[in-house]
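Visitor: Enclosed is the structure file run.txt (compact mmCIF, C-alpha atoms and all ligand atoms).
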```txt
# COMPACT_ATOMS: atom_id res chain seq x y z
CA MET I 1 -105.91 -147.88 91.16
CA VAL I 2 -104.43 -150.14 93.81
CA ASN I 3 -101.01 -149.90 92.19
CA GLU I 4 -101.26 -146.11 91.94
CA THR I 5 -102.17 -145.80 95.65
CA ASN I 6 -99.27 -148.04 96.58
CA VAL I 7 -96.86 -145.97 94.51
CA ASN I 8 -98.21 -142.77 96.13
CA LEU I 9 -97.80 -144.35 99.58
CA VAL I 10 -94.23 -145.40 98.82
CA ILE I 11 -93.40 -141.89 97.56
CA MET I 12 -94.95 -140.37 100.69
CA VAL I 13 -92.96 -142.67 102.95
CA ILE I 14 -89.75 -141.86 101.07
CA VAL I 15 -90.48 -138.11 101.33
CA LEU I 16 -91.26 -138.43 105.06
CA VAL I 17 -88.08 -140.41 105.67
CA LEU I 18 -86.07 -137.80 103.77
CA ILE I 19 -87.69 -134.92 105.73
CA GLY I 20 -87.01 -136.82 108.97
CA PHE I 21 -83.39 -137.39 107.98
CA ILE I 22 -82.88 -133.72 107.08
CA PHE I 23 -84.54 -132.62 110.35
CA ILE I 24 -82.37 -134.95 112.45
CA SER I 25 -79.22 -133.83 110.59
CA ILE I 26 -79.99 -130.14 111.16
CA SER I 27 -80.82 -130.76 114.85
CA TYR I 28 -77.61 -132.69 115.35
CA PHE I 29 -75.55 -129.98 113.66
CA VAL I 30 -77.15 -127.20 115.73
CA LEU I 31 -76.80 -129.09 119.02
CA HIS I 32 -73.24 -130.16 118.26
CA HIS I 33 -72.30 -126.63 117.25
CA ARG I 34 -73.83 -125.21 120.45
CA PHE I 35 -71.96 -127.83 122.46
CA GLU I 36 -68.69 -126.77 120.87
CA GLN I 37 -69.42 -123.12 121.60
CA SER I 38 -70.24 -123.85 125.22
CA GLN I 39 -66.94 -125.74 125.54
CA VAL I 40 -65.06 -122.64 124.40
CA THR I 41 -66.92 -120.52 126.95
CA VAL I 42 -66.12 -122.96 129.76
CA SER I 43 -62.41 -123.01 128.94
CA THR I 44 -62.14 -119.24 129.38
CA SER I 45 -63.61 -119.12 132.90
CA PRO I 46 -61.33 -120.10 135.80
CA ARG I 47 -61.88 -123.79 136.46
CA GLY I 48 -59.19 -123.92 139.03
CA GLY I 49 -56.30 -122.18 140.62
CA VAL I 50 -53.14 -122.74 142.59
CA GLY I 51 -52.52 -122.51 146.31
CA TRP I 52 -49.70 -120.01 146.07
CA VAL I 53 -47.27 -118.28 143.70
CA GLU I 54 -43.68 -117.32 144.40
CA ALA I 55 -42.01 -114.94 141.95
CA VAL I 56 -38.39 -113.78 141.73
CA VAL I 57 -37.32 -110.86 139.54
CA VAL I 58 -34.24 -112.41 137.94
CA VAL I 59 -33.52 -109.71 135.33
CA ASP I 60 -34.64 -106.10 135.56
CA ASN I 61 -33.08 -102.70 134.96
CA THR I 62 -34.47 -101.38 138.27
CA PRO I 63 -31.43 -101.67 140.59
CA SER I 64 -31.53 -103.29 144.00
CA LEU I 65 -30.25 -101.17 146.90
CA SER I 66 -29.56 -104.18 149.08
CA ASN I 67 -28.10 -106.66 146.58
CA SER I 68 -25.37 -105.06 144.46
CA ASN I 69 -24.15 -108.50 143.34
CA LEU I 70 -26.76 -108.58 140.60
CA LEU I 71 -26.53 -107.26 137.05
CA THR I 72 -29.10 -104.60 136.13
CA ALA I 73 -29.25 -104.97 132.37
CA TRP I 74 -32.14 -103.40 130.43
CA GLY I 75 -34.75 -106.14 130.13
CA LEU I 76 -37.04 -108.40 132.08
CA SER I 77 -37.13 -111.99 133.31
CA ILE I 78 -39.25 -113.30 136.17
CA TYR I 79 -38.96 -116.78 137.69
CA ILE I 80 -42.32 -118.10 138.88
CA ARG I 81 -42.84 -121.12 141.09
CA ILE I 82 -46.24 -122.67 141.76
CA PRO I 83 -46.88 -125.97 143.59
CA ASP I 84 -46.17 -128.27 140.59
CA MET I 85 -44.45 -126.11 138.00
CA GLU I 86 -41.52 -123.75 137.46
CA ILE I 87 -42.04 -121.05 134.85
CA LEU I 88 -39.75 -118.41 133.40
CA PHE I 89 -41.60 -115.35 132.16
CA ASP I 90 -39.30 -113.64 129.61
CA THR I 91 -35.57 -114.19 129.57
CA GLY I 92 -33.88 -110.77 129.71
CA PRO I 93 -31.45 -109.47 127.05
CA SER I 94 -28.77 -112.19 127.10
CA PRO I 95 -28.02 -115.73 128.30
CA ASN I 96 -25.09 -114.41 130.37
CA VAL I 97 -27.15 -111.93 132.37
CA LEU I 98 -29.86 -114.53 132.96
CA ARG I 99 -27.36 -117.21 134.07
CA TYR I 100 -25.39 -114.79 136.26
CA ASN I 101 -28.38 -113.45 138.19
CA ALA I 102 -30.20 -116.81 138.35
CA GLU I 103 -27.17 -118.40 140.00
CA ARG I 104 -26.92 -115.64 142.61
CA LEU I 105 -30.65 -115.85 143.36
CA GLY I 106 -30.71 -119.64 143.72
CA VAL I 107 -32.82 -120.14 140.59
CA ASN I 108 -31.94 -123.40 138.84
CA LEU I 109 -32.61 -122.80 135.13
CA SER I 110 -32.36 -126.52 134.33
CA ARG I 111 -35.53 -127.11 136.36
CA ILE I 112 -37.71 -124.73 134.33
CA ASP I 113 -40.75 -126.54 132.88
CA VAL I 114 -42.27 -123.74 130.84
CA VAL I 115 -40.97 -120.51 129.31
CA VAL I 116 -43.36 -117.73 128.31
CA LEU I 117 -42.09 -115.06 125.92
CA SER I 118 -44.29 -111.96 126.13
CA HIS I 119 -43.16 -110.37 122.86
CA GLU I 120 -40.38 -110.39 120.30
CA HIS I 121 -38.14 -107.58 121.62
CA GLY I 122 -34.55 -108.53 122.40
CA ASP I 123 -34.68 -107.38 126.03
CA HIS I 124 -37.30 -110.14 126.63
CA VAL I 125 -36.21 -113.02 124.36
CA GLY I 126 -32.40 -112.52 124.25
CA GLY I 127 -31.63 -114.87 127.15
CA LEU I 128 -33.52 -117.90 125.79
CA GLN I 129 -30.30 -119.76 124.91
CA ALA I 130 -29.52 -120.08 128.62
CA LEU I 131 -32.24 -122.74 128.65
CA ASN I 132 -32.37 -126.00 126.77
CA ALA I 133 -35.06 -124.80 124.38
CA ASN I 134 -35.36 -128.29 122.86
CA SER I 135 -36.62 -129.90 126.04
CA VAL I 136 -38.62 -126.97 127.41
CA ALA I 137 -42.07 -125.85 126.29
CA VAL I 138 -41.53 -122.28 125.07
CA TYR I 139 -44.83 -120.45 124.60
CA GLY I 140 -44.76 -117.02 123.00
CA ALA I 141 -46.57 -114.34 121.06
CA PRO I 142 -46.24 -114.39 117.26
CA GLY I 143 -42.78 -113.12 116.28
CA THR I 144 -40.97 -114.65 119.29
CA PRO I 145 -38.61 -117.66 118.99
CA ALA I 146 -41.20 -119.88 120.73
CA ASN I 147 -41.71 -123.55 119.88
CA ARG I 148 -45.44 -123.10 120.71
CA VAL I 149 -46.80 -119.89 119.21
CA VAL I 150 -49.80 -118.58 121.13
CA ASN I 151 -52.68 -117.15 119.10
CA ASN I 152 -55.48 -117.57 121.60
CA THR I 153 -55.86 -117.79 125.36
CA LEU I 154 -54.43 -121.08 126.55
CA GLU I 155 -54.90 -122.76 129.93
CA ILE I 156 -51.68 -124.75 130.28
CA SER I 157 -52.59 -126.13 133.72
CA PRO I 158 -55.64 -125.47 135.94
CA GLY I 159 -55.67 -121.74 136.67
CA ILE I 160 -52.56 -120.92 134.58
CA TYR I 161 -53.40 -118.88 131.48
CA ILE I 162 -51.24 -117.60 128.67
CA LEU I 163 -53.44 -114.83 127.32
CA LYS I 164 -54.47 -114.15 123.74
CA PRO I 165 -51.81 -111.79 122.36
CA LEU I 166 -52.85 -108.18 121.77
CA TYR I 167 -51.26 -105.95 119.17
CA GLY I 168 -49.03 -103.06 120.30
CA PRO I 169 -47.13 -103.39 117.94
CA PRO I 170 -45.65 -105.91 118.46
CA TRP I 171 -48.00 -108.76 119.44
CA GLU I 172 -47.75 -109.30 123.17
CA THR I 173 -49.04 -112.02 125.47
CA SER I 174 -49.23 -112.01 129.29
CA LEU I 175 -49.38 -114.70 131.96
CA LEU I 176 -52.33 -114.90 134.35
CA ILE I 177 -52.27 -117.17 137.39
CA ASN I 178 -55.42 -117.62 139.44
CA VAL I 179 -54.65 -118.10 143.14
CA ASN I 180 -57.40 -119.92 145.04
CA GLY I 181 -59.17 -117.64 147.50
CA TYR I 182 -57.18 -114.60 146.35
CA GLY I 183 -57.63 -113.85 142.65
CA GLY I 184 -55.41 -113.34 139.66
CA ILE I 185 -51.78 -112.32 139.46
CA LEU I 186 -50.89 -110.98 136.04
CA PHE I 187 -47.33 -110.93 134.66
CA VAL I 188 -46.74 -108.47 131.83
CA GLY I 189 -43.66 -107.90 129.65
CA CYS I 190 -43.61 -104.36 128.26
CA SER I 191 -47.38 -103.67 127.94
CA HIS I 192 -47.00 -102.40 124.36
CA PRO I 193 -50.77 -102.92 123.71
CA GLY I 194 -51.49 -100.73 126.77
CA ILE I 195 -51.75 -101.99 130.35
CA VAL I 196 -55.46 -101.10 130.61
CA ASN I 197 -56.25 -103.13 127.46
CA ILE I 198 -54.22 -106.06 128.79
CA VAL I 199 -56.01 -106.04 132.16
CA GLN I 200 -59.42 -105.68 130.47
CA ASN I 201 -58.54 -108.77 128.43
CA ALA I 202 -57.42 -110.68 131.55
CA VAL I 203 -60.42 -109.92 133.79
CA LYS I 204 -62.63 -111.84 131.37
CA ILE I 205 -60.95 -114.91 132.86
CA ALA I 206 -60.26 -114.03 136.48
CA ARG I 207 -60.21 -110.96 138.67
CA VAL I 208 -56.75 -109.39 138.45
CA LYS I 209 -55.60 -108.22 141.88
CA THR I 210 -51.85 -107.94 141.33
CA VAL I 211 -49.88 -106.92 138.25
CA ILE I 212 -46.11 -107.41 137.94
CA GLY I 213 -43.92 -106.29 135.03
CA GLY I 214 -43.25 -103.44 132.62
CA LEU I 215 -46.03 -100.89 132.04
CA HIS I 216 -44.38 -98.97 129.17
CA LEU I 217 -45.10 -95.56 130.73
CA ALA I 218 -41.60 -94.11 131.11
CA GLY I 219 -42.47 -91.17 128.83
CA ALA I 220 -46.09 -90.72 129.98
CA SER I 221 -47.36 -87.52 131.64
CA GLU I 222 -48.60 -87.40 135.24
CA GLU I 223 -52.20 -86.86 134.04
CA GLU I 224 -51.99 -89.90 131.79
CA CYS I 225 -50.55 -92.05 134.58
CA ILE I 226 -53.23 -90.91 137.07
CA SER I 227 -55.95 -91.78 134.57
CA ILE I 228 -54.42 -95.22 133.97
CA VAL I 229 -54.18 -95.93 137.71
CA GLU I 230 -57.86 -94.95 138.12
CA LYS I 231 -58.88 -97.31 135.31
CA LEU I 232 -56.84 -100.16 136.77
CA LYS I 233 -58.37 -99.58 140.22
CA ALA I 234 -61.85 -99.64 138.65
CA LEU I 235 -60.95 -103.00 137.09
CA GLY I 236 -60.12 -104.36 140.56
CA VAL I 237 -56.32 -104.12 140.58
CA GLU I 238 -54.94 -103.58 144.09
CA LYS I 239 -51.14 -103.98 143.85
CA ILE I 240 -48.68 -103.30 141.04
CA GLY I 241 -45.01 -104.22 140.89
CA ALA I 242 -44.13 -101.61 138.26
CA ILE I 243 -40.65 -102.45 136.97
CA HIS I 244 -38.64 -102.48 133.72
CA CYS I 245 -40.14 -99.84 131.36
CA SER I 246 -42.77 -98.50 133.81
CA GLY I 247 -41.06 -95.20 134.70
CA ASP I 248 -40.87 -93.22 137.95
CA THR I 249 -44.02 -91.15 137.31
CA ILE I 250 -46.38 -94.11 137.65
CA ARG I 251 -44.30 -95.62 140.45
CA ASN I 252 -44.69 -92.39 142.49
CA ILE I 253 -48.45 -92.27 141.87
CA LEU I 254 -48.84 -95.94 142.82
CA ALA I 255 -46.78 -95.33 145.99
CA LYS I 256 -49.10 -92.44 147.01
CA GLU I 257 -52.11 -94.68 146.37
CA ASN I 258 -50.54 -97.42 148.52
CA MET I 259 -50.68 -99.72 145.48
CA LEU I 260 -46.96 -100.03 144.70
CA LEU I 261 -45.13 -103.28 145.24
CA ASN I 262 -41.72 -101.65 145.47
CA ILE I 263 -39.73 -104.32 143.68
CA HIS I 264 -36.55 -104.44 141.57
CA VAL I 265 -34.01 -106.96 140.33
CA GLY I 266 -33.63 -109.69 142.96
CA SER I 267 -37.02 -109.11 144.64
CA ARG I 268 -38.93 -112.17 145.85
CA ILE I 269 -42.72 -111.92 146.01
CA MET I 270 -45.22 -114.32 147.53
CA VAL I 271 -48.92 -114.44 146.69
CA SER I 272 -51.39 -116.57 148.62
CA LYS I 273 -54.93 -116.55 149.97
CA GLU I 274 -53.69 -116.01 153.52
CA GLY I 275 -51.11 -113.30 152.98
CA GLY I 276 -52.22 -111.61 149.74
CA ALA I 277 -49.34 -110.26 147.67
CA PHE I 278 -46.25 -109.30 149.65
CA ILE I 279 -42.53 -108.82 149.16
CA ILE I 280 -40.32 -111.33 150.99
CA ASN I 281 -37.09 -109.44 150.24
ZN ZN I 301 -40.74 -104.31 124.09
ZN ZN I 302 -38.98 -104.34 127.31
```
Just dump the structure as structure tokens.
Guide:
Amino acid sequence: MVNETNVNLVIMVIVLVLIGFIFISISYFVLHHRFEQSQVTVSTSPRGGVGWVEAVVVVDNTPSLSNSNLLTAWGLSIYIRIPDMEILFDTGPSPNVLRYNAERLGVNLSRIDVVVLSHEHGDHVGGLQALNANSVAVYGAPGTPANRVVNNTLEISPGIYILKPLYGPPWETSLLINVNGYGGILFVGCSHPGIVNIVQNAVKIARVKTVIGGLHLAGASEEECISIVEKLKALGVEKIGAIHCSGDTIRNILAKENMLLNIHVGSRIMVSKEGGAFIIN
């Protein structure tokens, strides 16, 4: 009898220990999993921002009326300076065009820290060889000659986001910079996935107040462009530097709405809390 009770007790203890172990393991897994999920959520909300952003349109097919020294090849490349980093967003169609215009605009390509390639088309990636791609971090959408392919939203420095690529085709990423006390400035390449989709994707991270780049609306009707402008306004966008493949229809509508940043190749734009987004020259 005594032996049997002891055996029963031992079995009960073993069973209890096992149940306890399983319970603790499940709790740990659930808590750990939740912790991981909350980390993901935190990384997609703006933790920080920069004091100011200066942007120079180095390559664009929109001609400058005041600076005829620049080449106006079909394509896009924007030099972006923030307090501790120099970024090149897209590279235009060829190394020669990029080098030529950069030199005339006082942009030193050897100082670029980060290149972002929006999408694989030649008018955006063709100038990459003007940079030493071995020593520069080149982020890009799938299909681009990047050394760091972007599949998900990436915060490369506080307030600087390379956004999850959307499918146009092709896959296209955009660059979002959160300016302290102002909001987001969004750089777009060709907007193949649709500018409204891109902005909807970006506002999950920070309010987008200014958009600069190609809107891919050169063939769009006036009605379509009006509807797009309304949607962008509803999303909080205030100013748009519509260049490259945007087309005159949307530029005219934006001008009437007092939303157009009337920029072109060679334009220099400043964005800060104090001054908002304005064109220097
Ligand atoms: Zn394109
Ligand atoms: Zn393009």
Visitor: Would you mind telling me which residue in I:Gly266, I:Gly214, I:Pro165, I:Pro93 lies nearest to Tyr79 (chain I) when using only C-alpha atoms?
Guide: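 Distance minimum relative to Tyr79 (chain I) lands on I:Gly266.
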Visitor: With all atoms listed in the file counted, collect every polymer residue having an atom within 6 Å of ligand ZN 302 (chain I); state the result as a VMD selection string.
Guide: chain I and resid 75 123 190
Visitor: List as a list in words the protein and nucleic acid residues lying within 9 Å of ligand ZN 301 (chain I), with all atoms listed in the file counted.
Guide: Gly75, Ser118, His119, Glu120, His121, Gly122, Asp123, His124, Pro169, Pro170, Glu172, Gly189, Cys190, Ser191, His192, Gly214, His216 and Cys245 of chain I
Visitor: Could you tell me which of I:Ile80, I:Gly127, I:Asp90, I:Asn101 comes closest to Tyr139 (chain I) if we count all atoms listed in the file?
Guide: I:Asp90
Visitor: With only C-alpha atoms as the basis for distance, which of I:Glu86, I:Gly275, I:Leu105, I:Leu215 is at the shortest distance from Asn67 (chain I)?
Guide: I:Leu105
Visitor: Would you pick out the contacts of Gly213 (chain I) at 9 Å or less, using all atoms listed in the file, so that residues sharing its chain but fewer than 6 positions from it are not included, and give the list as a PyMOL selection string?
Guide: chain I and resi 76+78+186-191+240-246
Visitor: Counting only C-alpha atoms, which residue out of I:Phe278, I:Val114, I:Lys231, I:Thr173 sits closest to Ile156 (chain I)?
Guide: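 For Ile156 (chain I), the nearest of the given residues is I:Val114.
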Visitor: Just to confirm, what's the straight-line distance from CA of Glu54 (chain I) to CA of Ile198 (chain I) in Å (one decimal)?
Guide: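 Computing it gives 21.9 Å between the two atoms.
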Visitor: Using CA of Lys239 (chain I) and CA of Ser157 (chain I) as the two end points, give the distance in Å to one decimal.
Guide: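 Interatomic distance here is 24.4 Å.
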